[in-house]
>>> print(open('work17.cif').read())   # mmCIF, C-alpha atoms (C1' of nucleotides)
data_input
#
loop_
_atom_site.label_atom_id
_atom_site.label_comp_id
_atom_site.auth_asym_id
_atom_site.auth_seq_id
_atom_site.Cartn_x
_atom_site.Cartn_y
_atom_site.Cartn_z
CA MET A 1 -112.77 22.61 98.69
CA ASN A 2 -110.03 20.91 96.74
CA TYR A 3 -107.65 18.10 97.63
CA TRP A 4 -103.97 17.92 96.76
CA LEU A 5 -100.84 15.88 97.16
CA MET A 6 -97.49 17.57 97.71
CA LYS A 7 -94.13 15.86 97.70
CA SER A 8 -91.22 16.42 100.00
CA GLU A 9 -87.96 14.61 100.43
CA PRO A 10 -87.92 13.64 104.12
CA ASP A 11 -84.17 14.24 104.27
CA GLU A 12 -84.96 17.86 103.40
CA PHE A 13 -88.25 18.37 105.20
CA SER A 14 -90.36 15.58 106.67
CA ILE A 15 -93.81 15.37 108.24
CA ASP A 16 -92.00 15.09 111.59
CA ASP A 17 -90.15 18.33 110.92
CA LEU A 18 -93.51 19.99 110.31
CA GLN A 19 -95.14 18.47 113.38
CA LEU A 20 -92.24 19.47 115.60
CA SER A 21 -91.93 22.99 114.23
CA LYS A 22 -92.92 25.84 116.50
CA ASP A 23 -96.34 26.67 115.11
CA GLN A 24 -96.69 23.52 112.97
CA LYS A 25 -96.70 25.68 109.87
CA THR A 26 -94.33 25.97 106.96
CA ALA A 27 -93.96 28.15 103.89
CA TRP A 28 -94.04 25.72 100.98
CA GLN A 29 -91.17 27.24 99.04
CA GLY A 30 -88.97 26.11 96.22
CA ILE A 31 -91.54 24.93 93.68
CA ARG A 32 -89.72 25.60 90.39
CA ASN A 33 -91.94 23.79 87.94
CA TYR A 34 -94.54 25.68 85.95
CA GLN A 35 -97.33 23.15 86.14
CA ALA A 36 -96.95 22.85 89.89
CA ARG A 37 -96.65 26.63 90.20
CA ASN A 38 -99.87 27.11 88.25
CA PHE A 39 -101.75 24.86 90.64
CA LEU A 40 -100.38 26.81 93.61
CA ARG A 41 -101.17 30.14 92.01
CA ASP A 42 -104.59 29.41 90.55
CA GLN A 43 -106.26 26.58 92.38
CA VAL A 44 -104.84 25.87 95.82
CA LYS A 45 -107.05 27.69 98.31
CA GLN A 46 -107.06 28.29 102.03
CA ASN A 47 -108.50 25.31 103.92
CA ASP A 48 -107.79 22.88 101.09
CA LEU A 49 -106.52 19.55 102.38
CA VAL A 50 -103.19 18.14 101.26
CA PHE A 51 -101.62 14.71 101.48
CA PHE A 52 -98.00 15.00 102.58
CA TYR A 53 -95.90 12.61 100.51
CA HIS A 54 -92.36 11.47 101.19
CA SER A 55 -90.39 11.00 97.97
CA SER A 56 -86.84 9.91 97.15
CA CYS A 57 -86.55 7.82 100.28
CA LYS A 58 -86.58 4.22 101.42
CA VAL A 59 -90.36 3.83 101.49
CA PRO A 60 -92.07 6.48 99.36
CA ALA A 61 -95.49 7.03 100.95
CA ILE A 62 -98.31 9.34 101.90
CA VAL A 63 -97.41 9.99 105.51
CA GLY A 64 -99.96 12.51 106.72
CA LEU A 65 -102.48 15.24 106.17
CA VAL A 66 -101.91 18.98 106.19
CA GLU A 67 -104.09 21.99 105.52
CA VAL A 68 -103.50 25.07 103.41
CA SER A 69 -103.40 27.85 106.00
CA GLN A 70 -102.62 30.58 103.48
CA ALA A 71 -103.15 30.62 99.71
CA ALA A 72 -100.69 31.88 97.12
CA THR A 73 -98.08 34.50 97.95
CA VAL A 74 -94.80 35.33 96.23
CA ASP A 75 -91.99 32.88 96.98
CA MET A 76 -89.27 35.31 98.01
CA SER A 77 -86.65 32.55 98.23
CA ALA A 78 -86.26 32.93 94.45
CA PHE A 79 -84.58 36.29 95.11
CA ASP A 80 -82.42 35.14 98.01
CA ILE A 81 -78.95 34.48 96.69
CA ASN A 82 -78.18 32.38 99.76
CA SER A 83 -81.20 30.16 99.32
CA THR A 84 -80.98 26.76 97.65
CA TYR A 85 -84.10 27.88 95.80
CA PHE A 86 -82.46 31.00 94.38
CA ASP A 87 -83.44 31.56 90.75
CA LYS A 88 -81.05 33.93 89.05
CA LYS A 89 -83.39 34.43 86.13
CA SER A 90 -86.24 35.51 88.36
CA ASP A 91 -87.07 39.20 88.36
CA ILE A 92 -88.29 40.78 91.60
CA ALA A 93 -90.31 43.32 89.61
CA ASN A 94 -92.18 40.46 88.01
CA PRO A 95 -92.31 37.56 90.50
CA LYS A 96 -92.58 34.18 88.92
CA TRP A 97 -92.67 31.65 91.74
CA ILE A 98 -95.40 31.06 94.27
CA GLN A 99 -95.62 29.58 97.75
CA VAL A 100 -98.47 28.58 100.00
CA GLU A 101 -98.44 28.00 103.74
CA LEU A 102 -99.19 24.56 105.12
CA HIS A 103 -100.39 23.67 108.59
CA PHE A 104 -99.91 20.26 110.18
CA MET A 105 -103.06 18.26 110.80
CA GLU A 106 -102.08 14.65 111.36
CA LYS A 107 -99.41 12.08 110.84
CA PHE A 108 -100.92 8.80 109.72
CA ASN A 109 -100.56 5.82 112.00
CA ARG A 110 -100.60 3.83 108.82
CA PRO A 111 -98.65 5.58 106.07
CA ILE A 112 -99.79 4.48 102.64
CA SER A 113 -96.83 3.39 100.57
CA LEU A 114 -96.51 4.04 96.86
CA LYS A 115 -96.54 0.29 96.43
CA GLN A 116 -99.89 0.06 98.20
CA LEU A 117 -101.30 2.99 96.23
CA LYS A 118 -100.23 1.42 92.94
CA ALA A 119 -101.79 -1.91 93.87
CA ASP A 120 -105.17 -0.44 94.82
CA PRO A 121 -107.78 -0.86 92.07
CA ARG A 122 -109.63 2.23 93.32
CA LEU A 123 -106.60 4.43 92.79
CA THR A 124 -105.55 3.55 89.26
CA SER A 125 -106.27 7.04 87.97
CA MET A 126 -104.31 8.86 90.66
CA VAL A 127 -101.80 11.28 89.19
CA LEU A 128 -99.16 9.89 91.54
CA VAL A 129 -99.34 6.37 90.15
CA ALA A 130 -99.24 7.45 86.51
CA LYS A 131 -96.07 6.46 84.70
CA GLY A 132 -93.35 9.04 85.07
CA ALA A 133 -95.42 11.38 87.24
CA ARG A 134 -92.93 13.84 88.63
CA LEU A 135 -95.32 16.64 89.44
CA SER A 136 -94.67 17.80 93.00
CA VAL A 137 -98.05 19.50 93.46
CA GLN A 138 -100.90 17.47 92.11
CA PRO A 139 -104.69 17.28 92.39
CA VAL A 140 -106.44 14.45 94.23
CA SER A 141 -110.08 13.62 93.52
CA THR A 142 -112.70 13.50 96.26
CA GLU A 143 -113.05 9.74 95.78
CA GLU A 144 -109.29 9.23 96.01
CA PHE A 145 -109.09 11.46 99.05
CA GLU A 146 -111.82 9.64 100.93
CA HIS A 147 -110.47 6.22 100.06
CA ILE A 148 -106.95 7.13 101.16
CA MET A 149 -108.28 8.57 104.42
CA PHE A 150 -110.08 5.27 104.95
CA LEU A 151 -106.86 3.35 104.31
CA SER A 152 -104.99 5.49 106.83
CA ARG A 153 -107.30 4.50 109.70
"C1'" DG B 1 -75.87 4.55 92.07
"C1'" DC B 2 -78.55 3.63 87.88
"C1'" DC B 3 -81.44 5.19 84.56
"C1'" DA B 4 -86.15 6.09 82.48
"C1'" DA B 5 -89.13 9.72 82.05
"C1'" DC B 6 -89.87 14.21 81.82
"C1'" DG B 7 -88.92 19.38 81.66
"C1'" DT B 8 -86.00 23.13 80.08
"C1'" DT B 9 -82.65 25.39 77.25
"C1'" DG B 10 -80.78 27.25 73.31
"C1'" DG B 11 -78.97 26.88 68.49
"C1'" DC B 12 -80.73 27.01 64.16
"C1'" DG C 1 -91.02 26.73 66.31
"C1'" DC C 2 -88.28 22.45 66.06
"C1'" DC C 3 -85.61 19.36 68.45
"C1'" DA C 4 -81.09 17.72 70.31
"C1'" DA C 5 -78.68 18.19 74.36
"C1'" DC C 6 -78.76 18.70 78.91
"C1'" DG C 7 -80.53 18.75 83.78
"C1'" DT C 8 -83.69 16.93 87.25
"C1'" DT C 9 -86.83 13.79 89.50
"C1'" DG C 10 -87.59 9.92 91.88
"C1'" DG C 11 -88.41 4.82 91.97
"C1'" DC C 12 -85.80 0.90 92.20
#
>>> encode(input="work17.cif", output="structure tokens")
Amino acid sequence: MNYWLMKSEPDEFSIDDLQLSKDQKTAWQGIRNYQARNFLRDQVKQNDLVFFYHSSCKVPAIVGLVEVSQAATVDMSAFDINSTYFDKKSDIANPKWIQVELHFMEKFNRPISLKQLKADPRLTSMVLVAKGARLSVQPVSTEEFEHIMFLSR
DNA sequence: GCCAACGTTGGC
DNA sequence: GCCAACGTTGGC
């Protein structure tokens, strides 16, 4: 079992959008960064737990917990010319981009802001708080996971 | 909206 | 394969 953090801009897709969706599941499409793609392809497994992070918004924060309901499959949005995630250099005979499926678990009563995460001495080695960390799919250690779950209660 | 940090592209 | 130029991310 591994733990992850995945970023989403709430204006695009928020934890509320996921909770209110029909089956509370979403295809996590549009990852167009190789490091993030490699995590999705090689390490993110079914039943892994994922912190849902809101980025590029008023209060950047971990806002909830989701579960990987399906491991890596091909992200077909790369071949959809009408998709915002269309990648004209992507070849359907040799798919490059990967998606997973996420399932809603909970929305935190107490979201944990980036400010709070940065200030916490137990979280100084989190990928998220590292300078210039832009990675949109990133690993979370067991210790970090448990501490953040504690903070959310 | 600014801009620092980072990733990608492409000329050489 | 280097690296300057460019594009993107994302906090502030």
>>> interface_residues(input="work17.cif", of="chain C", to="chain A", cutoff="10 Å", atoms="all atoms listed in the file", output="list in words")
DT8, DT9, DG10, DG11 and DC12 of chain C
>>> closest_residue(input="work17.cif", among="A:Pro139, A:Val129, A:Ile92, A:Trp4", to="Asn47 (chain A)", atoms="all atoms listed in the file")
A:Trp4
>>> axis_aligned_box(input="work17.cif", around="region 2-9 of chain C", padding_each_side="5 Å", output="JSON")
{"center_x": -83.5, "center_y": 18.1, "center_z": 77.8, "size_x": 19.6, "size_y": 18.7, "size_z": 33.4}
>>> closest_residue(input="work17.cif", among="A:Ile15, A:Ile31, A:Gln43, A:Leu102", to="Ile62 (chain A)", atoms="only C-alpha atoms")
A:Ile15
>>> resolve_selection(input="work17.cif", expression="the PyMOL selection byres ((chain A and resi 138) around 12)", output="PDB file with C-alpha atoms, keeping the file's coordinate frame")
ATOM      1  CA  ASN A   2    -110.030  20.910  96.740  1.00  0.00           C
ATOM      2  CA  TYR A   3    -107.650  18.100  97.630  1.00  0.00           C
ATOM      3  CA  TRP A   4    -103.970  17.920  96.760  1.00  0.00           C
ATOM      4  CA  LEU A   5    -100.840  15.880  97.160  1.00  0.00           C
ATOM      5  CA  MET A   6     -97.490  17.570  97.710  1.00  0.00           C
ATOM      6  CA  LYS A   7     -94.130  15.860  97.700  1.00  0.00           C
ATOM      7  CA  ASN A  33     -91.940  23.790  87.940  1.00  0.00           C
ATOM      8  CA  GLN A  35     -97.330  23.150  86.140  1.00  0.00           C
ATOM      9  CA  ALA A  36     -96.950  22.850  89.890  1.00  0.00           C
ATOM     10  CA  ARG A  37     -96.650  26.630  90.200  1.00  0.00           C
ATOM     11  CA  ASN A  38     -99.870  27.110  88.250  1.00  0.00           C
ATOM     12  CA  PHE A  39    -101.750  24.860  90.640  1.00  0.00           C
ATOM     13  CA  LEU A  40    -100.380  26.810  93.610  1.00  0.00           C
ATOM     14  CA  GLN A  43    -106.260  26.580  92.380  1.00  0.00           C
ATOM     15  CA  VAL A  44    -104.840  25.870  95.820  1.00  0.00           C
ATOM     16  CA  LEU A  49    -106.520  19.550 102.380  1.00  0.00           C
ATOM     17  CA  VAL A  50    -103.190  18.140 101.260  1.00  0.00           C
ATOM     18  CA  PHE A  51    -101.620  14.710 101.480  1.00  0.00           C
ATOM     19  CA  PHE A  52     -98.000  15.000 102.580  1.00  0.00           C
ATOM     20  CA  TYR A  53     -95.900  12.610 100.510  1.00  0.00           C
ATOM     21  CA  MET A 126    -104.310   8.860  90.660  1.00  0.00           C
ATOM     22  CA  VAL A 127    -101.800  11.280  89.190  1.00  0.00           C
ATOM     23  CA  LEU A 128     -99.160   9.890  91.540  1.00  0.00           C
ATOM     24  CA  VAL A 129     -99.340   6.370  90.150  1.00  0.00           C
ATOM     25  CA  ALA A 130     -99.240   7.450  86.510  1.00  0.00           C
ATOM     26  CA  ALA A 133     -95.420  11.380  87.240  1.00  0.00           C
ATOM     27  CA  ARG A 134     -92.930  13.840  88.630  1.00  0.00           C
ATOM     28  CA  LEU A 135     -95.320  16.640  89.440  1.00  0.00           C
ATOM     29  CA  SER A 136     -94.670  17.800  93.000  1.00  0.00           C
ATOM     30  CA  VAL A 137     -98.050  19.500  93.460  1.00  0.00           C
ATOM     31  CA  PRO A 139    -104.690  17.280  92.390  1.00  0.00           C
ATOM     32  CA  VAL A 140    -106.440  14.450  94.230  1.00  0.00           C
ATOM     33  CA  SER A 141    -110.080  13.620  93.520  1.00  0.00           C
TER      34      SER A 141
END
>>> closest_residue(input="work17.cif", among="A:Thr124, A:Phe108, A:Ala61, A:Arg32", to="DG7 (chain B)", atoms="only C-alpha atoms (C1' of nucleotides)")
A:Arg32
>>> atom_distance(input="work17.cif", atom1="CA of Ser90 (chain A)", atom2="CA of Ala71 (chain A)")
20.9 Å
>>> atom_distance(input="work17.cif", atom1="CA of Val68 (chain A)", atom2="CA of Lys131 (chain A)")
27.4 Å
>>> resolve_selection(input="work17.cif", expression="the PyMOL selection byres ((chain A and resi 98) around 6)", output="PyMOL selection string")
chain A and resi 73-75+97+99
>>> residues_around(input="work17.cif", residues="Ser152 (chain A)", least_positions_apart="5", cutoff="9 Å", atoms="all atoms listed in the file", output="list in words")
Val63, Gly64, Phe108, Asn109, Arg110, Pro111, Ile112 and His147 of chain A
>>> atom_distance(input="work17.cif", atom1="CA of Val66 (chain A)", atom2="CA of Glu146 (chain A)")
14.6 Å
>>> resolve_selection(input="work17.cif", expression="the PyMOL selection byres ((chain A and resi 70) around 7)", output="list in words")
Gln46, Val68, Ser69, Ala71, Ala72, Val100 and Glu101 of chain A
>>> decode(input="work17.cif", residues="region 56-72 of chain A", atoms="all heavy atoms", output="CSV table (one decimal), in the first residue's frame")
chain,number,residue,atom,x,y,z
A,56,SER,N,-3.5,26.4,-6.9
A,56,SER,CA,-3.8,27.6,-7.6
A,56,SER,C,-5.1,28.2,-7.2
A,56,SER,O,-6.0,28.4,-8.1
A,56,SER,CB,-3.8,27.3,-9.1
A,56,SER,OG,-2.5,27.1,-9.6
A,57,CYS,N,-5.3,28.4,-5.9
A,57,CYS,CA,-6.6,28.9,-5.4
A,57,CYS,C,-6.3,29.7,-4.2
A,57,CYS,O,-5.2,29.9,-3.8
A,57,CYS,CB,-7.5,27.7,-5.1
A,57,CYS,SG,-6.8,26.6,-4.0
A,58,LYS,N,-7.4,30.3,-3.6
A,58,LYS,CA,-7.2,31.2,-2.5
A,58,LYS,C,-6.5,30.6,-1.3
A,58,LYS,O,-5.6,31.2,-0.8
A,58,LYS,CB,-8.6,31.7,-2.1
A,58,LYS,CG,-8.6,32.9,-1.2
A,58,LYS,CD,-9.9,33.5,-1.0
A,58,LYS,CE,-9.9,34.8,-0.2
A,58,LYS,NZ,-11.2,35.3,0.1
A,59,VAL,N,-6.9,29.4,-0.9
A,59,VAL,CA,-6.2,28.7,0.2
A,59,VAL,C,-5.8,27.3,-0.3
A,59,VAL,O,-6.5,26.4,-0.2
A,59,VAL,CB,-7.1,28.6,1.4
A,59,VAL,CG1,-6.4,27.9,2.6
A,59,VAL,CG2,-7.7,29.9,1.8
A,60,PRO,N,-4.6,27.2,-0.8
A,60,PRO,CA,-4.1,25.9,-1.2
A,60,PRO,C,-4.1,25.0,0.0
A,60,PRO,O,-3.5,25.3,1.0
A,60,PRO,CB,-2.7,26.2,-1.7
A,60,PRO,CG,-2.6,27.7,-2.0
A,60,PRO,CD,-3.6,28.3,-1.0
A,61,ALA,N,-4.6,23.8,-0.2
A,61,ALA,CA,-4.8,22.9,1.0
A,61,ALA,C,-5.1,21.4,0.5
A,61,ALA,O,-5.6,21.2,-0.5
A,61,ALA,CB,-5.9,23.4,1.8
A,62,ILE,N,-4.7,20.5,1.5
A,62,ILE,CA,-5.2,19.2,1.3
A,62,ILE,C,-6.6,19.2,1.8
A,62,ILE,O,-6.9,19.5,3.0
A,62,ILE,CB,-4.4,18.2,2.2
A,62,ILE,CG1,-2.9,18.1,1.6
A,62,ILE,CG2,-5.0,16.8,2.2
A,62,ILE,CD1,-2.0,17.3,2.4
A,63,VAL,N,-7.6,18.8,1.0
A,63,VAL,CA,-9.0,19.0,1.3
A,63,VAL,C,-9.7,17.7,1.5
A,63,VAL,O,-10.9,17.7,1.9
A,63,VAL,CB,-9.7,19.8,0.2
A,63,VAL,CG1,-9.2,21.2,0.2
A,63,VAL,CG2,-9.5,19.2,-1.2
A,64,GLY,N,-9.1,16.5,1.2
A,64,GLY,CA,-9.8,15.3,1.4
A,64,GLY,C,-8.9,14.1,1.0
A,64,GLY,O,-7.8,14.2,0.7
A,65,LEU,N,-9.6,12.9,1.1
A,65,LEU,CA,-8.9,11.7,0.9
A,65,LEU,C,-9.7,10.9,-0.2
A,65,LEU,O,-10.9,10.8,-0.2
A,65,LEU,CB,-8.9,10.8,2.2
A,65,LEU,CG,-8.2,9.5,2.1
A,65,LEU,CD1,-6.7,9.7,1.9
A,65,LEU,CD2,-8.4,8.7,3.4
A,66,VAL,N,-9.0,10.3,-1.2
A,66,VAL,CA,-9.6,9.5,-2.2
A,66,VAL,C,-8.8,8.2,-2.3
A,66,VAL,O,-7.7,8.1,-1.7
A,66,VAL,CB,-9.6,10.3,-3.6
A,66,VAL,CG1,-10.4,11.6,-3.4
A,66,VAL,CG2,-8.2,10.5,-4.1
A,67,GLU,N,-9.4,7.3,-3.0
A,67,GLU,CA,-8.7,6.0,-3.2
A,67,GLU,C,-8.6,5.7,-4.7
A,67,GLU,O,-9.4,6.0,-5.5
A,67,GLU,CB,-9.7,4.9,-2.5
A,67,GLU,CG,-9.3,3.5,-2.7
A,67,GLU,CD,-10.3,2.6,-2.2
A,67,GLU,OE1,-11.5,2.8,-2.4
A,67,GLU,OE2,-10.0,1.6,-1.6
A,68,VAL,N,-7.5,5.0,-5.0
A,68,VAL,CA,-7.3,4.6,-6.4
A,68,VAL,C,-8.2,3.4,-6.6
A,68,VAL,O,-8.0,2.3,-6.0
A,68,VAL,CB,-5.8,4.2,-6.6
A,68,VAL,CG1,-5.6,3.7,-8.1
A,68,VAL,CG2,-4.9,5.4,-6.3
A,69,SER,N,-9.2,3.5,-7.5
A,69,SER,CA,-10.1,2.5,-7.7
A,69,SER,C,-9.7,1.7,-9.0
A,69,SER,O,-10.2,0.5,-9.2
A,69,SER,CB,-11.6,3.0,-7.9
A,69,SER,OG,-11.6,4.1,-8.7
A,70,GLN,N,-8.8,2.2,-9.8
A,70,GLN,CA,-8.3,1.5,-10.9
A,70,GLN,C,-6.9,2.0,-11.2
A,70,GLN,O,-6.7,3.2,-11.3
A,70,GLN,CB,-9.2,1.6,-12.1
A,70,GLN,CG,-8.7,0.7,-13.3
A,70,GLN,CD,-9.6,0.8,-14.5
A,70,GLN,OE1,-9.7,1.9,-15.1
A,70,GLN,NE2,-10.3,-0.2,-14.9
A,71,ALA,N,-5.9,1.1,-11.3
A,71,ALA,CA,-4.6,1.5,-11.6
A,71,ALA,C,-4.4,1.9,-13.1
A,71,ALA,O,-5.4,2.0,-13.8
A,71,ALA,CB,-3.6,0.3,-11.3
A,72,ALA,N,-3.2,2.0,-13.5
A,72,ALA,CA,-2.9,2.7,-14.8
A,72,ALA,C,-3.6,2.1,-16.0
A,72,ALA,O,-3.6,0.9,-16.2
A,72,ALA,CB,-1.4,2.6,-15.0
